[in-house]
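Text of work_37.tsv (TSV, C-alpha atoms) as supplied:
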chain	number	residue	atom	x	y	z
A	1	MET	CA	0.00	0.00	0.00
A	2	SER	CA	2.60	2.47	1.08
A	3	ALA	CA	4.69	1.87	-2.06
A	4	GLU	CA	1.68	2.91	-4.16
A	5	GLN	CA	1.16	5.95	-2.04
A	6	ARG	CA	4.82	6.81	-2.32
A	7	LYS	CA	4.60	6.65	-6.10
A	8	ALA	CA	1.50	8.83	-6.11
A	9	LEU	CA	3.30	11.32	-3.90
A	10	GLU	CA	6.31	11.40	-6.19
A	11	ALA	CA	4.13	11.90	-9.26
A	12	GLN	CA	2.23	14.75	-7.64
A	13	THR	CA	5.43	16.39	-6.44
A	14	MET	CA	6.91	16.32	-9.92
A	15	ALA	CA	3.70	17.71	-11.38
A	16	LEU	CA	3.79	20.50	-8.82
A	17	GLN	CA	7.37	21.34	-9.70
A	18	SER	CA	6.58	21.56	-13.39
A	19	VAL	CA	3.63	23.86	-12.70
A	20	GLN	CA	5.85	26.02	-10.53
A	21	SER	CA	8.56	26.34	-13.16
A	22	GLU	CA	5.91	27.19	-15.76
A	23	ILE	CA	4.62	29.93	-13.49
A	24	THR	CA	8.13	31.32	-13.08
A	25	THR	CA	8.65	31.42	-16.86
A	26	LEU	CA	5.29	33.08	-17.39
A	27	VAL	CA	5.95	35.71	-14.75
A	28	GLY	CA	9.30	36.45	-16.40
A	29	ASN	CA	7.60	36.80	-19.79
A	30	ARG	CA	4.99	39.06	-18.33
A	31	GLN	CA	7.66	41.33	-16.90
A	32	LYS	CA	9.31	41.57	-20.31
A	33	LEU	CA	5.95	42.42	-21.84
A	34	GLU	CA	5.43	45.06	-19.18
A	35	SER	CA	8.72	46.77	-20.02
A	36	GLN	CA	7.93	46.61	-23.75
A	37	LEU	CA	4.59	48.18	-23.01
A	38	GLN	CA	6.25	51.06	-21.17
A	39	GLU	CA	8.79	51.61	-23.95
A	40	ASN	CA	6.10	51.71	-26.60
A	41	GLU	CA	3.98	54.05	-24.50
A	42	LEU	CA	6.91	56.46	-24.31
A	43	VAL	CA	7.26	56.39	-28.09
A	44	ASP	CA	3.52	56.85	-28.49
A	45	LYS	CA	3.59	59.92	-26.24
A	46	GLU	CA	6.55	61.27	-28.19
A	47	PHE	CA	4.74	60.93	-31.49
A	48	LYS	CA	1.66	62.66	-30.14
A	49	ILE	CA	3.55	65.79	-29.10
A	50	LEU	CA	5.56	65.84	-32.31
A	51	ASN	CA	4.53	68.43	-34.87
A	52	ASP	CA	3.73	67.08	-38.31
A	53	SER	CA	6.74	68.54	-40.02
A	54	ALA	CA	9.23	66.56	-37.97
A	55	ARG	CA	10.75	63.57	-39.72
A	56	VAL	CA	10.47	60.09	-38.30
A	57	TYR	CA	12.92	57.34	-39.11
A	58	LYS	CA	12.69	53.65	-38.42
A	59	MET	CA	15.78	51.52	-37.92
A	60	ILE	CA	15.60	48.55	-40.26
A	61	GLY	CA	18.83	46.62	-39.84
A	62	PRO	CA	21.65	49.18	-39.99
A	63	VAL	CA	19.63	51.66	-42.03
A	64	LEU	CA	17.43	54.52	-40.90
A	65	VAL	CA	14.43	54.64	-43.19
A	66	LEU	CA	12.21	57.69	-43.47
A	67	GLN	CA	8.63	56.97	-42.44
A	68	GLU	CA	5.35	58.82	-42.49
A	69	LYS	CA	4.64	60.15	-39.05
A	70	ALA	CA	1.02	58.93	-39.28
A	71	GLU	CA	2.13	55.47	-40.31
A	72	ALA	CA	4.69	55.21	-37.51
A	73	GLY	CA	2.15	56.45	-34.98
A	74	ALA	CA	-0.44	53.92	-36.12
A	75	ASN	CA	2.20	51.19	-36.01
A	76	VAL	CA	3.10	51.96	-32.43
A	77	GLU	CA	-0.52	52.06	-31.38
A	78	LYS	CA	-1.19	48.67	-32.93
A	79	ARG	CA	1.83	47.30	-31.11
A	80	LEU	CA	0.55	48.71	-27.85
A	81	GLU	CA	-2.81	47.01	-28.31
A	82	PHE	CA	-1.13	43.73	-29.13
A	83	ILE	CA	1.11	43.91	-26.06
A	84	ARG	CA	-1.86	44.73	-23.82
A	85	ASP	CA	-3.71	41.68	-25.12
A	86	GLU	CA	-0.66	39.49	-24.53
A	87	ILE	CA	-0.36	40.80	-20.99
A	88	SER	CA	-3.98	40.06	-20.12
A	89	ARG	CA	-3.66	36.56	-21.62
A	90	ALA	CA	-0.50	35.91	-19.62
A	91	ASP	CA	-2.25	37.16	-16.47
A	92	GLN	CA	-5.15	34.78	-17.00
A	93	ARG	CA	-2.80	31.86	-17.56
A	94	ILE	CA	-0.80	32.74	-14.46
A	95	GLU	CA	-3.98	32.87	-12.39
A	96	GLN	CA	-5.02	29.46	-13.72
A	97	LEU	CA	-1.65	27.92	-12.98
A	98	THR	CA	-1.52	29.41	-9.49
A	99	LYS	CA	-4.86	27.82	-8.63
A	100	ASP	CA	-3.60	24.54	-10.08
A	101	GLN	CA	-0.46	24.84	-7.99
A	102	GLU	CA	-2.47	25.36	-4.81
A	103	LYS	CA	-4.69	22.35	-5.51
A	104	LYS	CA	-1.63	20.17	-6.07
A	105	SER	CA	0.06	21.34	-2.87
A	106	VAL	CA	-3.07	20.48	-0.89
A	107	GLU	CA	-3.18	17.01	-2.45
A	108	ILE	CA	0.49	16.43	-1.75
A	109	PHE	CA	-0.03	17.47	1.84
A	110	LYS	CA	-2.91	15.01	2.19
A	111	LEU	CA	-0.85	12.19	0.71
A	112	GLN	CA	2.02	12.98	3.05
A	113	MET	CA	-0.31	12.88	6.03
A	114	GLU	CA	-1.67	9.50	4.90
A	115	LEU	CA	1.83	8.18	4.41
A	116	GLN	CA	2.88	9.29	7.87
A	117	GLY	CA	-0.31	7.87	9.37
A	118	VAL	CA	0.45	4.48	7.83
A	119	ASN	CA	4.06	4.53	9.01
A	120	LYS	CA	3.17	5.43	12.57
A	121	VAL	CA	0.75	2.53	12.81
B	122	MET	CA	12.88	43.73	22.53
B	123	SER	CA	10.61	45.88	20.43
B	124	SER	CA	7.74	44.04	18.85
B	125	ALA	CA	8.57	44.16	15.20
B	126	SER	CA	5.49	43.56	13.15
B	127	THR	CA	6.90	44.06	9.73
B	128	THR	CA	5.21	44.02	6.38
B	129	ALA	CA	6.41	41.05	4.44
B	130	ALA	CA	5.50	41.28	0.79
B	131	ASN	CA	4.11	38.13	-0.75
B	132	ALA	CA	6.14	38.01	-3.94
B	133	ASN	CA	3.78	35.76	-5.87
B	134	ASN	CA	0.77	37.96	-6.16
B	135	GLY	CA	2.13	41.26	-4.91
B	136	LYS	CA	-0.27	41.49	-1.96
B	137	THR	CA	1.25	42.80	1.24
B	138	GLN	CA	0.40	41.05	4.47
B	139	THR	CA	1.31	42.30	7.88
B	140	ILE	CA	2.89	39.35	9.64
B	141	ASN	CA	4.22	39.45	13.15
B	142	LEU	CA	7.72	38.11	12.48
B	143	GLU	CA	8.19	37.05	16.08
B	144	ASP	CA	5.53	34.39	15.67
B	145	LEU	CA	7.22	32.64	12.77
B	146	PRO	CA	9.54	29.66	13.19
B	147	LEU	CA	13.21	30.00	12.34
B	148	ALA	CA	12.87	28.06	9.08
B	149	GLN	CA	10.24	30.47	7.77
B	150	LEU	CA	12.34	33.42	8.84
B	151	GLN	CA	15.27	32.06	6.87
B	152	LYS	CA	13.11	31.83	3.77
B	153	ILE	CA	11.98	35.40	4.18
B	154	LYS	CA	15.58	36.46	4.73
B	155	ALA	CA	16.63	34.83	1.45
B	156	GLN	CA	13.70	36.46	-0.32
B	157	LEU	CA	14.58	39.90	1.03
B	158	GLU	CA	18.22	39.45	0.01
B	159	GLU	CA	17.16	38.60	-3.53
B	160	GLU	CA	14.83	41.58	-3.71
B	161	LEU	CA	17.51	43.92	-2.41
B	162	ASN	CA	19.98	42.66	-5.01
B	163	GLY	CA	17.45	43.14	-7.79
B	164	LEU	CA	16.61	46.63	-6.63
B	165	THR	CA	20.23	47.76	-6.31
B	166	GLY	CA	20.87	46.42	-9.81
B	167	ALA	CA	17.93	48.39	-11.16
B	168	PHE	CA	19.15	51.49	-9.34
B	169	SER	CA	22.60	51.35	-10.91
B	170	GLN	CA	20.97	50.86	-14.32
B	171	MET	CA	19.00	54.05	-13.75
B	172	LYS	CA	22.17	55.90	-12.88
B	173	GLN	CA	23.86	54.61	-16.04
B	174	ALA	CA	20.89	55.68	-18.16
B	175	GLN	CA	21.06	59.14	-16.62
B	176	ALA	CA	24.76	59.41	-17.42
B	177	ALA	CA	24.09	58.35	-21.02
B	178	PHE	CA	21.41	61.03	-21.46
B	179	ARG	CA	23.66	63.68	-19.94
B	180	GLU	CA	26.37	62.71	-22.40
B	181	CYS	CA	23.90	63.08	-25.28
B	182	LYS	CA	23.07	66.56	-24.08
B	183	GLY	CA	26.76	67.37	-23.90
B	184	CYS	CA	27.21	66.23	-27.51
B	185	ILE	CA	24.39	68.45	-28.67
B	186	ASP	CA	25.91	71.39	-26.84
B	187	ALA	CA	29.11	70.73	-28.78
B	188	LEU	CA	27.25	71.49	-32.03
B	189	THR	CA	28.04	75.17	-32.08
B	190	PRO	CA	27.75	77.43	-35.17
B	191	GLU	CA	31.56	77.34	-35.33
B	192	SER	CA	31.51	73.60	-35.89
B	193	LEU	CA	29.65	74.02	-39.19
B	194	ASP	CA	31.62	72.41	-42.04
B	195	LYS	CA	34.15	71.00	-39.62
B	196	THR	CA	35.66	67.62	-40.45
B	197	ILE	CA	34.34	64.77	-38.35
B	198	MET	CA	35.08	61.02	-38.33
B	199	ILE	CA	32.04	58.91	-39.05
B	200	PRO	CA	32.15	55.27	-37.90
B	201	LEU	CA	31.21	52.73	-40.54
B	202	THR	CA	32.08	49.89	-38.21
B	203	ASN	CA	33.78	49.69	-34.85
B	204	SER	CA	37.17	49.92	-36.47
B	205	LEU	CA	36.47	51.77	-39.71
B	206	TYR	CA	35.86	55.50	-39.93
B	207	VAL	CA	35.43	57.86	-42.85
B	208	PRO	CA	36.02	61.59	-42.72
B	209	GLY	CA	32.98	63.77	-43.29
B	210	LYS	CA	31.84	67.32	-42.90
B	211	LEU	CA	29.32	68.56	-40.36
B	212	SER	CA	26.70	70.11	-42.63
B	213	ASN	CA	23.72	70.47	-40.35
B	214	ILE	CA	24.19	71.92	-36.89
B	215	GLU	CA	20.56	72.72	-36.31
B	216	ASN	CA	18.89	69.31	-36.27
B	217	VAL	CA	19.71	66.01	-34.66
B	218	VAL	CA	18.11	62.56	-34.88
B	219	VAL	CA	17.09	61.19	-31.51
B	220	ASP	CA	16.43	57.57	-30.54
B	221	VAL	CA	12.96	57.54	-28.97
B	222	GLY	CA	12.76	53.79	-28.46
B	223	THR	CA	11.50	50.59	-30.15
B	224	GLY	CA	13.64	51.28	-33.22
B	225	TYR	CA	12.18	54.70	-34.00
B	226	TYR	CA	14.26	57.82	-34.46
B	227	VAL	CA	12.95	61.34	-34.71
B	228	GLU	CA	14.56	64.38	-36.22
B	229	LYS	CA	14.48	67.26	-33.81
B	230	SER	CA	15.91	70.73	-33.55
B	231	LYS	CA	18.77	71.16	-31.10
B	232	ASP	CA	16.55	72.84	-28.53
B	233	ASP	CA	13.80	70.24	-28.79
B	234	ALA	CA	16.36	67.49	-28.41
B	235	ILE	CA	17.81	69.12	-25.32
B	236	SER	CA	14.39	69.46	-23.72
B	237	TYR	CA	13.67	65.82	-24.67
B	238	TYR	CA	16.80	64.67	-22.87
B	239	ASP	CA	16.05	66.90	-19.91
B	240	ALA	CA	12.63	65.27	-19.58
B	241	LYS	CA	14.22	61.83	-19.81
B	242	ILE	CA	16.79	62.67	-17.18
B	243	GLU	CA	14.07	63.84	-14.82
B	244	TYR	CA	11.97	60.72	-15.50
B	245	VAL	CA	14.88	58.44	-14.75
B	246	GLN	CA	15.77	60.48	-11.68
B	247	ASN	CA	12.26	60.00	-10.29
B	248	ASN	CA	12.42	56.27	-10.90
B	249	ALA	CA	15.80	56.09	-9.21
B	250	LYS	CA	14.40	57.93	-6.18
B	251	THR	CA	11.47	55.50	-5.92
B	252	ILE	CA	13.87	52.58	-6.05
B	253	GLN	CA	16.04	54.15	-3.41
B	254	ASP	CA	13.08	54.60	-1.07
B	255	THR	CA	12.00	50.99	-1.57
B	256	VAL	CA	15.55	49.80	-0.92
B	257	GLU	CA	15.71	51.72	2.35
B	258	GLN	CA	12.39	50.24	3.46
B	259	LYS	CA	13.49	46.72	2.68
B	260	GLN	CA	16.83	47.22	4.38
B	261	ALA	CA	15.02	48.28	7.56
B	262	SER	CA	12.81	45.17	7.36
B	263	TYR	CA	15.91	43.06	6.78
B	264	ARG	CA	17.68	44.43	9.82
B	265	GLY	CA	14.59	43.85	11.99
B	266	LEU	CA	14.38	40.31	10.63
B	267	LEU	CA	18.02	39.61	11.49
B	268	GLU	CA	17.45	40.80	15.05
B	269	ILE	CA	14.48	38.48	15.49
B	270	MET	CA	16.39	35.56	13.99
B	271	GLN	CA	19.30	36.16	16.33
B	272	TYR	CA	16.94	36.23	19.29
B	273	LYS	CA	15.24	32.99	18.23
B	274	LEU	CA	18.59	31.33	17.63
B	275	THR	CA	19.81	32.12	21.15
B	276	GLN	CA	16.43	30.99	22.52
B	277	GLN	CA	16.79	27.69	20.67
B	278	GLN	CA	20.34	27.19	21.93
B	279	GLN	CA	19.25	27.84	25.51
B	280	GLN	CA	16.41	25.35	25.16
B	281	GLN	CA	18.81	22.73	23.84
B	282	LYS	CA	21.19	23.30	26.75
B	283	GLN	CA	18.33	22.93	29.21
B	284	GLN	CA	17.21	19.71	27.57
B	285	GLN	CA	20.74	18.33	27.64
B	286	GLY	CA	21.07	19.31	31.28
B	287	ALA	CA	17.75	17.62	32.11
B	288	GLY	CA	18.82	14.53	30.16
B	289	LYS	CA	22.08	14.24	32.11
B	290	GLN	CA	20.18	14.72	35.35
B	291	ALA	CA	17.77	11.91	34.44
B	292	ALA	CA	20.71	9.65	33.50
B	293	THR	CA	22.53	10.27	36.77
B	294	ASP	CA	19.27	9.80	38.68
B	295	SER	CA	18.62	6.45	37.03
B	296	ARG	CA	22.12	5.24	37.84
B	297	ALA	CA	21.91	6.25	41.44
Please re-express this file's structure in structure tokens.
Amino acid sequence: MSAEQRKALEAQTMALQSVQSEITTLVGNRQKLESQLQENELVDKEFKILNDSARVYKMIGPVLVLQEKAEAGANVEKRLEFIRDEISRADQRIEQLTKDQEKKSVEIFKLQMELQGVNKV
Amino acid sequence: MSSASTTAANANNGKTQTINLEDLPLAQLQKIKAQLEEELNGLTGAFSQMKQAQAAFRECKGCIDALTPESLDKTIMIPLTNSLYVPGKLSNIENVVVDVGTGYYVEKSKDDAISYYDAKIEYVQNNAKTIQDTVEQKQASYRGLLEIMQYKLTQQQQQQKQQQGAGKQAATDSRA
């Protein structure tokens, strides 16, 4: 009996660890997204206060290419929307995984208690 | 000993809970200590990055200031690669092209560029100040935590000595 329980405990522990490492990766990704969001917001603000005569360049490889200010502005705004969507998706996934993690820890705890109960008897 | 009820931030979901550190066992305290150390390292790293960014912006401003009317048509070395330069002439001392982020560059007049960099320097300065304040807070929590851990450690050691003493007493009693 206790060998079975031990296996179940091991399996659950490994599952918990994989969930935890996934959460860590996701949180890291979310932080990167957050900093991208801030950078793009700065650029967006900059474009808004720019007067229309100013020239905007985009760096493509080693070359600065002249762009339409309207086009660049629209580009940045689309990027901002995209990043915001990504962030909310990542948040949802993180919430899901955290709940999953909690459930698994509770199960592991129960299994450990059972195991200890069996050993003591 | 002052009762140190310190705010320990729960790193996972960013909620702050007020925990009375005295009530926690030594093992938990050690975990919190490790967490605080990590946070402090991260924050000090971020702070020095802010300082570096500030220095970079100041340098940019200095370069713009070097574009005086006298430097018009002066020969300058333009880097093609890290080790290859070509001579050129400074033809435009009124406008500069400024990196605004995410791969976009904007042409600005000298004055606009200088005010842009001034705004950036102030922005970074404010961030650096916020980081500094947070660091000071965490350092205070850290010191309080160390005090409590020290206290618990000595308590534990005393308890162990008492138990050993009682054990010896019981042993001598049983032999007698």
Sort by chain and increasing residue number a table of all residues of chain A within 10 Å of chain B, each with its closest pair of atoms and their distance in Å to one decimal, counting all atoms listed in the file, and write it as CSV.
residue,atom,partner,partner_atom,distance
A:Ile23,CA,B:Asn133,CA,9.6
A:Thr24,CA,B:Asn133,CA,9.5
A:Val27,CA,B:Asn133,CA,9.1
A:Gln36,CA,B:Thr223,CA,8.3
A:Glu39,CA,B:Gly222,CA,6.4
A:Asn40,CA,B:Thr223,CA,6.6
A:Glu41,CA,B:Gly222,CA,9.6
A:Leu42,CA,B:Gly222,CA,7.7
A:Val43,CA,B:Val221,CA,5.9
A:Asp44,CA,B:Val221,CA,9.5
A:Glu46,CA,B:Val221,CA,7.5
A:Phe47,CA,B:Val227,CA,8.8
A:Leu50,CA,B:Val227,CA,9.0
A:Ser53,CA,B:Glu228,CA,9.6
A:Ala54,CA,B:Glu228,CA,6.0
A:Arg55,CA,B:Glu228,CA,5.2
A:Val56,CA,B:Val227,CA,4.5
A:Tyr57,CA,B:Tyr226,CA,4.9
A:Lys58,CA,B:Tyr225,CA,4.6
A:Met59,CA,B:Gly224,CA,5.2
A:Ile60,CA,B:Gly224,CA,7.8
A:Gly61,CA,B:Gly224,CA,9.6
A:Leu64,CA,B:Tyr226,CA,7.9
A:Val65,CA,B:Tyr226,CA,9.3
A:Leu66,CA,B:Tyr226,CA,9.2
A:Gln67,CA,B:Tyr225,CA,9.4
A:Lys69,CA,B:Val227,CA,9.5
A:Ala72,CA,B:Tyr225,CA,8.3
A:Val76,CA,B:Thr223,CA,8.8
A:Ile94,CA,B:Asn134,CA,9.9
A:Glu95,CA,B:Asn134,CA,9.3
A:Thr98,CA,B:Asn133,CA,9.0
Here is a test: counting all atoms listed in the file, which residue of B:Lys154, B:Gln276, B:Glu215, B:Gln173 is nearest to B:Leu142?
B:Lys154
Using only the atoms of stretch 236-255 of chain B listed in the file, plus 8 Å on each side, state the axis-aligned box centre and edge lengths in Å rounded to one decimal, as JSON.
{"center_x": 14.1, "center_y": 60.2, "center_z": -12.9, "size_x": 21.3, "size_y": 34.5, "size_z": 39.6}
Mind checking which residues fall within 12 Å of A:Gln116, counting all atoms listed in the file, ignoring those fewer than 4 positions away in the same chain, and posting them as a VMD selection string?
chain A and resid 2 5 to 6 9 109 to 112 120 to 121
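With only C-alpha atoms as the atoms that count, the minimum distance from A:Asp91 to the choices A:Gln38, A:Gln12, A:Asn29, A:Asn51 is reached by A:Asn29.
Of note, atom CA of B:Leu267 and atom CA of B:Ser169 are spaced 25.7 Å apart.
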Counting all atoms listed in the file, what is within 12 Å of A:Lys104, bar same-chain residues fewer than 6 positions away, as an MDAnalysis selection string?
chainID A and resid 8:20 97:98 110:111
Computed interatomic separation between atom CA of B:Ser212 and atom CA of B:Leu193 (Å)
6.0 Å
Interatomic distance (Å, one decimal) between atom CA of B:Leu205 and atom CA of A:Pro62:
15.0 Å
